file work_4.csv (CSV, C-alpha atoms)
chain,number,residue,atom,x,y,z
A,1,MET,CA,0.0,0.0,0.0
A,2,ASP,CA,1.3,3.4,-0.9
A,3,ALA,CA,0.3,5.6,2.0
A,4,ARG,CA,1.4,8.8,0.3
A,5,LEU,CA,-1.5,8.5,-2.3
A,6,LEU,CA,-5.0,9.5,-1.3
A,7,ASN,CA,-8.1,9.0,-3.5
A,8,VAL,CA,-10.5,12.0,-3.2
A,9,VAL,CA,-13.9,10.9,-4.4
A,10,ASP,CA,-17.1,12.7,-5.2
A,11,VAL,CA,-20.2,11.1,-6.6
A,12,GLU,CA,-23.3,12.5,-8.3
A,13,ALA,CA,-26.4,10.5,-8.0
A,14,THR,CA,-29.9,10.6,-9.5
A,15,CYS,CA,-31.9,13.2,-7.7
A,16,TRP,CA,-35.3,15.0,-7.9
A,17,ASP,CA,-36.8,18.3,-6.9
A,18,GLY,CA,-39.0,16.6,-4.2
A,19,PRO,CA,-39.6,13.1,-3.2
A,20,VAL,CA,-38.1,10.1,-5.0
A,21,PRO,CA,-40.5,8.9,-7.6
A,22,ARG,CA,-42.2,5.5,-6.9
A,23,GLY,CA,-40.1,2.6,-8.0
A,24,GLU,CA,-36.9,4.7,-8.3
A,25,VAL,CA,-33.9,5.1,-5.9
A,26,ASN,CA,-30.9,7.4,-5.7
A,27,GLU,CA,-28.1,5.8,-7.8
A,28,ILE,CA,-24.6,6.9,-8.6
A,29,ILE,CA,-24.3,8.3,-12.1
A,30,GLU,CA,-20.8,9.8,-11.9
A,31,ILE,CA,-17.7,9.1,-9.9
A,32,GLY,CA,-15.1,11.8,-9.8
A,33,LEU,CA,-11.7,10.8,-8.5
A,34,THR,CA,-8.7,12.9,-7.9
A,35,VAL,CA,-5.4,11.3,-6.8
A,36,VAL,CA,-3.5,13.3,-4.3
A,37,ASP,CA,0.2,12.7,-3.5
A,38,LEU,CA,0.4,13.7,0.1
A,39,GLU,CA,4.2,13.9,0.2
A,40,ALA,CA,4.6,16.0,-3.0
A,41,ARG,CA,1.5,17.9,-1.9
A,42,GLU,CA,-0.1,17.9,-5.3
A,43,ARG,CA,-3.0,16.5,-7.3
A,44,VAL,CA,-1.5,13.9,-9.6
A,45,GLY,CA,-4.5,12.3,-11.3
A,46,ARG,CA,-8.0,13.4,-12.4
A,47,HIS,CA,-10.6,10.8,-13.4
A,48,ARG,CA,-14.3,10.5,-14.3
A,49,ILE,CA,-16.3,7.4,-14.4
A,50,LEU,CA,-19.9,7.6,-15.8
A,51,VAL,CA,-22.3,5.0,-14.3
A,52,ARG,CA,-25.4,3.8,-16.0
A,53,PRO,CA,-28.4,3.7,-13.5
A,54,LYS,CA,-30.6,0.7,-13.6
A,55,ARG,CA,-33.4,1.6,-11.2
A,56,SER,CA,-33.8,5.3,-11.9
A,57,ALA,CA,-33.7,7.9,-14.6
A,58,VAL,CA,-32.0,11.3,-14.7
A,59,SER,CA,-34.6,13.9,-14.0
A,60,ALA,CA,-34.7,17.4,-15.5
A,61,PHE,CA,-33.8,18.7,-12.0
A,62,CYS,CA,-30.7,16.4,-11.9
A,63,THR,CA,-29.6,17.6,-15.3
A,64,GLU,CA,-30.0,21.2,-14.3
A,65,LEU,CA,-27.9,20.6,-11.1
A,66,THR,CA,-25.2,18.3,-12.5
A,67,GLY,CA,-25.2,18.9,-16.2
A,68,LEU,CA,-25.5,15.2,-16.7
A,69,THR,CA,-28.2,13.9,-19.1
A,70,GLN,CA,-29.9,10.5,-19.4
A,71,ARG,CA,-28.3,10.1,-22.8
A,72,GLU,CA,-24.8,10.7,-21.4
A,73,VAL,CA,-25.1,8.3,-18.4
A,74,ASP,CA,-26.6,5.6,-20.7
A,75,THR,CA,-23.1,5.4,-22.1
A,76,GLY,CA,-21.6,4.7,-18.7
A,77,LEU,CA,-20.6,1.5,-17.0
A,78,PRO,CA,-22.8,-0.7,-15.0
A,79,PHE,CA,-22.3,0.0,-11.3
A,80,ALA,CA,-20.5,-3.3,-10.6
A,81,ASP,CA,-18.1,-2.6,-13.4
A,82,ALA,CA,-17.4,0.9,-12.1
A,83,CYS,CA,-16.6,-0.5,-8.7
A,84,ALA,CA,-14.3,-3.1,-10.2
A,85,LEU,CA,-12.6,-0.3,-12.2
A,86,LEU,CA,-12.0,1.7,-9.0
A,87,ALA,CA,-10.3,-1.3,-7.4
A,88,ALA,CA,-8.3,-2.4,-10.5
A,89,GLU,CA,-7.1,0.9,-11.9
A,90,HIS,CA,-7.3,3.4,-9.0
A,91,GLY,CA,-6.2,1.3,-6.0
A,92,ALA,CA,-9.4,1.8,-4.2
A,93,GLY,CA,-8.9,-1.3,-2.1
A,94,GLU,CA,-5.4,-0.3,-1.0
A,95,ARG,CA,-5.5,3.5,-0.7
A,96,ALA,CA,-7.1,5.6,1.9
A,97,TRP,CA,-9.8,7.9,0.5
A,98,ALA,CA,-11.7,11.0,1.4
A,99,SER,CA,-14.9,12.8,0.4
A,100,TRP,CA,-16.7,16.0,1.4
A,101,GLY,CA,-19.0,14.6,4.1
A,102,ASP,CA,-20.3,11.1,4.5
A,103,TYR,CA,-22.8,11.0,1.7
A,104,ASP,CA,-20.4,9.4,-0.8
A,105,ARG,CA,-19.3,6.7,1.6
A,106,LYS,CA,-22.9,5.9,2.6
A,107,GLN,CA,-24.1,5.9,-1.0
A,108,PHE,CA,-21.4,3.4,-2.0
A,109,THR,CA,-22.2,1.2,1.0
A,110,ARG,CA,-25.9,1.2,0.3
A,111,GLN,CA,-25.7,0.7,-3.4
A,112,CYS,CA,-23.1,-2.1,-3.0
A,113,ARG,CA,-25.4,-3.8,-0.5
A,114,ASP,CA,-28.5,-3.4,-2.6
A,115,ASN,CA,-26.8,-4.7,-5.7
A,116,GLY,CA,-24.7,-7.5,-4.2
A,117,VAL,CA,-21.5,-5.7,-5.4
A,118,VAL,CA,-18.2,-5.9,-3.5
A,119,TYR,CA,-17.5,-2.6,-1.8
A,120,PRO,CA,-14.5,-1.2,-3.8
A,121,PHE,CA,-12.7,0.5,-1.0
A,122,GLY,CA,-11.6,-2.6,0.8
A,123,SER,CA,-12.4,-4.0,4.2
A,124,GLY,CA,-12.0,-1.8,7.2
A,125,GLU,CA,-12.8,1.9,7.2
A,126,ARG,CA,-10.2,4.0,5.5
A,127,HIS,CA,-12.4,6.9,4.7
A,128,THR,CA,-11.8,10.5,5.9
A,129,ASN,CA,-14.6,13.0,6.0
A,130,ALA,CA,-12.7,16.0,4.7
A,131,LYS,CA,-15.6,18.3,5.6
A,132,ALA,CA,-15.3,17.4,9.3
A,133,VAL,CA,-11.5,17.9,9.2
A,134,PHE,CA,-11.9,21.3,7.5
A,135,ALA,CA,-14.5,22.4,10.1
A,136,GLN,CA,-12.4,21.4,13.0
A,137,ALA,CA,-9.2,22.9,11.5
A,138,HIS,CA,-11.0,26.2,11.0
A,139,GLY,CA,-12.8,26.2,14.4
A,140,LEU,CA,-16.3,26.1,12.7
A,141,ARG,CA,-19.3,24.9,14.5
A,142,LYS,CA,-21.2,24.2,11.3
A,143,ARG,CA,-19.6,22.2,8.6
A,144,PRO,CA,-19.6,24.2,5.3
A,145,GLY,CA,-20.5,23.0,1.9
A,146,MET,CA,-17.6,22.6,-0.5
A,147,ALA,CA,-18.2,25.9,-2.3
A,148,GLN,CA,-18.3,27.8,0.9
A,149,ALA,CA,-15.2,26.0,2.2
A,150,LEU,CA,-13.3,27.1,-1.0
A,151,GLU,CA,-14.3,30.7,-0.3
A,152,LEU,CA,-13.2,30.4,3.3
A,153,ALA,CA,-9.8,28.9,2.2
A,154,GLY,CA,-9.4,31.6,-0.5
A,155,LEU,CA,-9.4,29.0,-3.3
A,156,PRO,CA,-11.3,29.3,-6.6
A,157,LEU,CA,-14.1,26.9,-7.6
A,158,GLU,CA,-12.6,25.2,-10.7
A,159,GLY,CA,-15.1,23.8,-13.2
A,160,ARG,CA,-18.8,23.1,-12.5
A,161,HIS,CA,-20.1,22.6,-9.0
A,162,HIS,CA,-22.1,19.4,-8.7
A,163,ARG,CA,-20.0,17.7,-11.4
A,164,GLY,CA,-18.2,14.7,-9.7
A,165,GLU,CA,-14.9,15.2,-11.6
A,166,ASP,CA,-14.7,18.9,-10.8
A,167,ASP,CA,-15.9,18.6,-7.2
A,168,ALA,CA,-13.3,15.9,-6.5
A,169,TRP,CA,-10.6,18.2,-8.0
A,170,ASN,CA,-11.8,21.1,-5.8
A,171,ILE,CA,-12.1,18.9,-2.6
A,172,ALA,CA,-8.5,17.7,-3.3
A,173,ALA,CA,-7.4,21.4,-3.3
A,174,LEU,CA,-9.0,21.8,0.1
A,175,VAL,CA,-7.3,18.6,1.4
A,176,LEU,CA,-4.0,19.9,0.2
A,177,GLY,CA,-4.6,23.1,2.1
A,178,LEU,CA,-5.2,21.1,5.2
A,179,VAL,CA,-2.1,19.1,4.6
A,180,ARG,CA,0.0,22.2,4.2
A,181,ALA,CA,-1.4,23.7,7.4
A,182,GLY,CA,-0.7,20.5,9.3
A,183,HIS,CA,-4.3,19.6,9.9
A,184,TRP,CA,-4.4,16.4,7.8
A,185,ALA,CA,-2.9,13.2,9.2
A,186,GLN,CA,-0.8,11.6,6.4
A,187,ASP,CA,-2.3,8.2,7.4
A,188,ALA,CA,-5.8,9.7,7.6
A,189,GLY,CA,-8.3,7.0,6.9
A,190,ALA,CA,-5.7,4.2,7.0
call {"tool": "encode", "arguments": {"input": "work_4.csv", "output": "structure tokens"}}
result
Amino acid sequence: MDARLLNVVDVEATCWDGPVPRGEVNEIIEIGLTVVDLEARERVGRHRILVRPKRSAVSAFCTELTGLTQREVDTGLPFADACALLAAEHGAGERAWASWGDYDRKQFTRQCRDNGVVYPFGSGERHTNAKAVFAQAHGLRKRPGMAQALELAGLPLEGRHHRGEDDAWNIAALVLGLVRAGHWAQDAGA
């Protein structure tokens, strides 16, 4: 295991402006992943995996929020294949990983359980909630959203908010700020 590399993950899932329609569930439709070299203190990889939902459709609200369309996600991988790709090509089972909050971890856990898919991030919990670390490091009572955290850190929002690939890239910038300030344990999540 290479402890200096960290996977920063952000997922987008099917969503609606209101309750989940009957017969549908929230499903991952995009996995954004940025690889961070904690020793070099830089982002060294940027990846995007589109995932084809099987129990829901991309709503107009979801397209407005994420920019993702049904046509686009229809070209994605089945969820099981996306999880296998995370493990095989991105070291998901060996590397610690982080996300902004616990939503991404919980969504993976639930969707893997519901679909009988092996959890790609290995056994044991090696996840760090970067939002919690940021709030603690900045003495905040309330945990800010990613865009607000970027403002507080004096960092630009790069790309489109609510696009997994761009959000993972931006969260990685926040993680690197925490690393530089000494607030991120190098073995966080391990």
call {"tool": "atom_distance", "arguments": {"input": "work_4.csv", "atom1": "CA of Arg163 in chain A", "atom2": "CA of Thr69 in chain A"}}
result
11.9 Å
call {"tool": "closest_atom_pairs", "arguments": {"input": "work_4.csv", "of": "range 22-125 of chain A", "to": "range 130-151 of chain A", "cutoff": "10 Å", "atoms": "all atoms listed in the file", "output": "JSON lines"}}
result
{"residue": "A:Trp97", "atom": "CA", "partner": "A:Ala130", "partner_atom": "CA", "distance": 9.6}
{"residue": "A:Ala98", "atom": "CA", "partner": "A:Ala130", "partner_atom": "CA", "distance": 6.1}
{"residue": "A:Ser99", "atom": "CA", "partner": "A:Ala130", "partner_atom": "CA", "distance": 5.8}
{"residue": "A:Trp100", "atom": "CA", "partner": "A:Lys131", "partner_atom": "CA", "distance": 4.9}
{"residue": "A:Gly101", "atom": "CA", "partner": "A:Lys131", "partner_atom": "CA", "distance": 5.2}
{"residue": "A:Asp102", "atom": "CA", "partner": "A:Lys131", "partner_atom": "CA", "distance": 8.7}
call {"tool": "residues_around", "arguments": {"input": "work_4.csv", "residues": "Val8 in chain A", "least_positions_apart": "4", "cutoff": "9 Å", "atoms": "all atoms listed in the file", "output": "VMD selection string"}}
result
chain A and resid 32 to 36 96 to 100 168 to 169 171 to 172 175
call {"tool": "residues_around", "arguments": {"input": "work_4.csv", "residues": "Cys83 in chain A", "least_positions_apart": "3", "cutoff": "10 Å", "atoms": "all atoms listed in the file", "output": "short mmCIF file (atom, residue, chain, number, x, y, z; two decimals) with C-alpha atoms, in the frame of the given file"}}
result
data_model
loop_
_atom_site.label_atom_id
_atom_site.label_comp_id
_atom_site.auth_asym_id
_atom_site.auth_seq_id
_atom_site.Cartn_x
_atom_site.Cartn_y
_atom_site.Cartn_z
CA ILE A 31 -17.70 9.10 -9.90
CA ILE A 49 -16.30 7.40 -14.40
CA VAL A 51 -22.30 5.00 -14.30
CA LEU A 77 -20.60 1.50 -17.00
CA PRO A 78 -22.80 -0.70 -15.00
CA PHE A 79 -22.30 0.00 -11.30
CA ALA A 80 -20.50 -3.30 -10.60
CA LEU A 86 -12.00 1.70 -9.00
CA ALA A 87 -10.30 -1.30 -7.40
CA ALA A 88 -8.30 -2.40 -10.50
CA ALA A 92 -9.40 1.80 -4.20
CA PHE A 108 -21.40 3.40 -2.00
CA CYS A 112 -23.10 -2.10 -3.00
CA VAL A 117 -21.50 -5.70 -5.40
CA VAL A 118 -18.20 -5.90 -3.50
CA TYR A 119 -17.50 -2.60 -1.80
CA PRO A 120 -14.50 -1.20 -3.80
CA PHE A 121 -12.70 0.50 -1.00
#
call {"tool": "atom_distance", "arguments": {"input": "work_4.csv", "atom1": "CA of Arg52 in chain A", "atom2": "CA of Asn26 in chain A"}}
result
12.2 Å
call {"tool": "residues_near_point", "arguments": {"input": "work_4.csv", "point": "(-7.9, 24.7, 1.0)", "cutoff": "7 Å", "atoms": "all atoms listed in the file", "output": "PyMOL selection string"}}
result
chain A and resi 150+153+155+173-178
call {"tool": "atom_distance", "arguments": {"input": "work_4.csv", "atom1": "CA of Val20 in chain A", "atom2": "CA of Arg105 in chain A"}}
result
20.2 Å
call {"tool": "residues_around", "arguments": {"input": "work_4.csv", "residues": "range 60-67 of chain A", "least_positions_apart": "6", "cutoff": "7 Å", "atoms": "only C-alpha atoms", "output": "PyMOL selection string"}}
result
chain A and resi 14-17+162-163
call {"tool": "residues_around", "arguments": {"input": "work_4.csv", "residues": "Glu72 in chain A", "least_positions_apart": "4", "cutoff": "9 Å", "atoms": "only C-alpha atoms", "output": "number ranges by chain"}}
result
A: 50, 52, 68, 76
call {"tool": "closest_residue", "arguments": {"input": "work_4.csv", "among": "A:Gln107, A:Trp184, A:Glu89, A:Asp37", "to": "Ala13 in chain A", "atoms": "all atoms listed in the file"}}
result
A:Gln107
call {"tool": "closest_residue", "arguments": {"input": "work_4.csv", "among": "A:Gln111, A:Gly164, A:Ala82, A:Arg180", "to": "Asp10 in chain A", "atoms": "all atoms listed in the file"}}
result
A:Gly164
call {"tool": "build_atoms", "arguments": {"input": "work_4.csv", "residues": "range 42-68 of chain A", "atoms": "N, CA and C atoms", "output": "PDB file, keeping the file's coordinate frame"}}
result
ATOM      1  N   GLU A  42       0.511  17.528  -4.064  1.00  0.00           N
ATOM      2  CA  GLU A  42      -0.100  17.900  -5.300  1.00  0.00           C
ATOM      3  C   GLU A  42      -1.094  16.914  -5.823  1.00  0.00           C
ATOM      4  N   ARG A  43      -1.975  17.390  -6.691  1.00  0.00           N
ATOM      5  CA  ARG A  43      -3.000  16.500  -7.300  1.00  0.00           C
ATOM      6  C   ARG A  43      -2.255  15.890  -8.542  1.00  0.00           C
ATOM      7  N   VAL A  44      -2.256  14.559  -8.596  1.00  0.00           N
ATOM      8  CA  VAL A  44      -1.500  13.900  -9.600  1.00  0.00           C
ATOM      9  C   VAL A  44      -2.364  13.067 -10.602  1.00  0.00           C
ATOM     10  N   GLY A  45      -3.643  13.037 -10.393  1.00  0.00           N
ATOM     11  CA  GLY A  45      -4.500  12.300 -11.300  1.00  0.00           C
ATOM     12  C   GLY A  45      -5.938  12.834 -11.201  1.00  0.00           C
ATOM     13  N   ARG A  46      -6.621  12.863 -12.342  1.00  0.00           N
ATOM     14  CA  ARG A  46      -8.000  13.400 -12.400  1.00  0.00           C
ATOM     15  C   ARG A  46      -8.787  12.389 -13.269  1.00  0.00           C
ATOM     16  N   HIS A  47      -9.851  11.809 -12.704  1.00  0.00           N
ATOM     17  CA  HIS A  47     -10.600  10.800 -13.400  1.00  0.00           C
ATOM     18  C   HIS A  47     -12.098  10.965 -13.277  1.00  0.00           C
ATOM     19  N   ARG A  48     -12.786  10.434 -14.273  1.00  0.00           N
ATOM     20  CA  ARG A  48     -14.300  10.500 -14.300  1.00  0.00           C
ATOM     21  C   ARG A  48     -14.781   9.162 -14.780  1.00  0.00           C
ATOM     22  N   ILE A  49     -15.700   8.595 -14.024  1.00  0.00           N
ATOM     23  CA  ILE A  49     -16.300   7.400 -14.400  1.00  0.00           C
ATOM     24  C   ILE A  49     -17.847   7.604 -14.475  1.00  0.00           C
ATOM     25  N   LEU A  50     -18.427   7.471 -15.657  1.00  0.00           N
ATOM     26  CA  LEU A  50     -19.900   7.600 -15.800  1.00  0.00           C
ATOM     27  C   LEU A  50     -20.481   6.213 -15.442  1.00  0.00           C
ATOM     28  N   VAL A  51     -21.610   6.245 -14.748  1.00  0.00           N
ATOM     29  CA  VAL A  51     -22.300   5.000 -14.300  1.00  0.00           C
ATOM     30  C   VAL A  51     -23.712   5.028 -14.805  1.00  0.00           C
ATOM     31  N   ARG A  52     -24.090   3.945 -15.440  1.00  0.00           N
ATOM     32  CA  ARG A  52     -25.400   3.800 -16.000  1.00  0.00           C
ATOM     33  C   ARG A  52     -26.395   3.332 -14.900  1.00  0.00           C
ATOM     34  N   PRO A  53     -27.406   4.134 -14.560  1.00  0.00           N
ATOM     35  CA  PRO A  53     -28.400   3.700 -13.500  1.00  0.00           C
ATOM     36  C   PRO A  53     -29.275   2.604 -14.076  1.00  0.00           C
ATOM     37  N   LYS A  54     -29.712   1.725 -13.191  1.00  0.00           N
ATOM     38  CA  LYS A  54     -30.600   0.700 -13.600  1.00  0.00           C
ATOM     39  C   LYS A  54     -31.984   0.737 -12.984  1.00  0.00           C
ATOM     40  N   ARG A  55     -32.121   1.508 -11.902  1.00  0.00           N
ATOM     41  CA  ARG A  55     -33.400   1.600 -11.200  1.00  0.00           C
ATOM     42  C   ARG A  55     -33.959   2.998 -11.119  1.00  0.00           C
ATOM     43  N   SER A  56     -33.362   3.906 -11.870  1.00  0.00           N
ATOM     44  CA  SER A  56     -33.800   5.300 -11.900  1.00  0.00           C
ATOM     45  C   SER A  56     -33.449   5.970 -13.158  1.00  0.00           C
ATOM     46  N   ALA A  57     -34.031   7.142 -13.367  1.00  0.00           N
ATOM     47  CA  ALA A  57     -33.700   7.900 -14.600  1.00  0.00           C
ATOM     48  C   ALA A  57     -33.232   9.312 -14.109  1.00  0.00           C
ATOM     49  N   VAL A  58     -32.471   9.947 -14.975  1.00  0.00           N
ATOM     50  CA  VAL A  58     -32.000  11.300 -14.700  1.00  0.00           C
ATOM     51  C   VAL A  58     -33.102  12.274 -14.932  1.00  0.00           C
ATOM     52  N   SER A  59     -33.496  12.977 -13.888  1.00  0.00           N
ATOM     53  CA  SER A  59     -34.600  13.900 -14.000  1.00  0.00           C
ATOM     54  C   SER A  59     -34.095  15.261 -14.567  1.00  0.00           C
ATOM     55  N   ALA A  60     -35.032  16.099 -14.969  1.00  0.00           N
ATOM     56  CA  ALA A  60     -34.700  17.400 -15.500  1.00  0.00           C
ATOM     57  C   ALA A  60     -33.959  18.216 -14.360  1.00  0.00           C
ATOM     58  N   PHE A  61     -34.410  18.064 -13.120  1.00  0.00           N
ATOM     59  CA  PHE A  61     -33.800  18.700 -12.000  1.00  0.00           C
ATOM     60  C   PHE A  61     -32.314  18.274 -11.852  1.00  0.00           C
ATOM     61  N   CYS A  62     -32.087  16.975 -11.994  1.00  0.00           N
ATOM     62  CA  CYS A  62     -30.700  16.400 -11.900  1.00  0.00           C
ATOM     63  C   CYS A  62     -29.833  16.948 -12.994  1.00  0.00           C
ATOM     64  N   THR A  63     -30.377  17.035 -14.202  1.00  0.00           N
ATOM     65  CA  THR A  63     -29.600  17.600 -15.300  1.00  0.00           C
ATOM     66  C   THR A  63     -29.256  19.043 -15.067  1.00  0.00           C
ATOM     67  N   GLU A  64     -30.216  19.803 -14.545  1.00  0.00           N
ATOM     68  CA  GLU A  64     -30.000  21.200 -14.300  1.00  0.00           C
ATOM     69  C   GLU A  64     -28.878  21.357 -13.188  1.00  0.00           C
ATOM     70  N   LEU A  65     -28.897  20.490 -12.183  1.00  0.00           N
ATOM     71  CA  LEU A  65     -27.900  20.600 -11.100  1.00  0.00           C
ATOM     72  C   LEU A  65     -26.543  20.102 -11.509  1.00  0.00           C
ATOM     73  N   THR A  66     -26.466  18.982 -12.199  1.00  0.00           N
ATOM     74  CA  THR A  66     -25.200  18.300 -12.500  1.00  0.00           C
ATOM     75  C   THR A  66     -24.675  18.556 -13.922  1.00  0.00           C
ATOM     76  N   GLY A  67     -25.592  18.865 -14.828  1.00  0.00           N
ATOM     77  CA  GLY A  67     -25.200  18.900 -16.200  1.00  0.00           C
ATOM     78  C   GLY A  67     -25.282  17.585 -16.915  1.00  0.00           C
ATOM     79  N   LEU A  68     -25.483  16.522 -16.149  1.00  0.00           N
ATOM     80  CA  LEU A  68     -25.500  15.200 -16.700  1.00  0.00           C
ATOM     81  C   LEU A  68     -26.910  14.863 -17.277  1.00  0.00           C
TER      82      LEU A  68
END
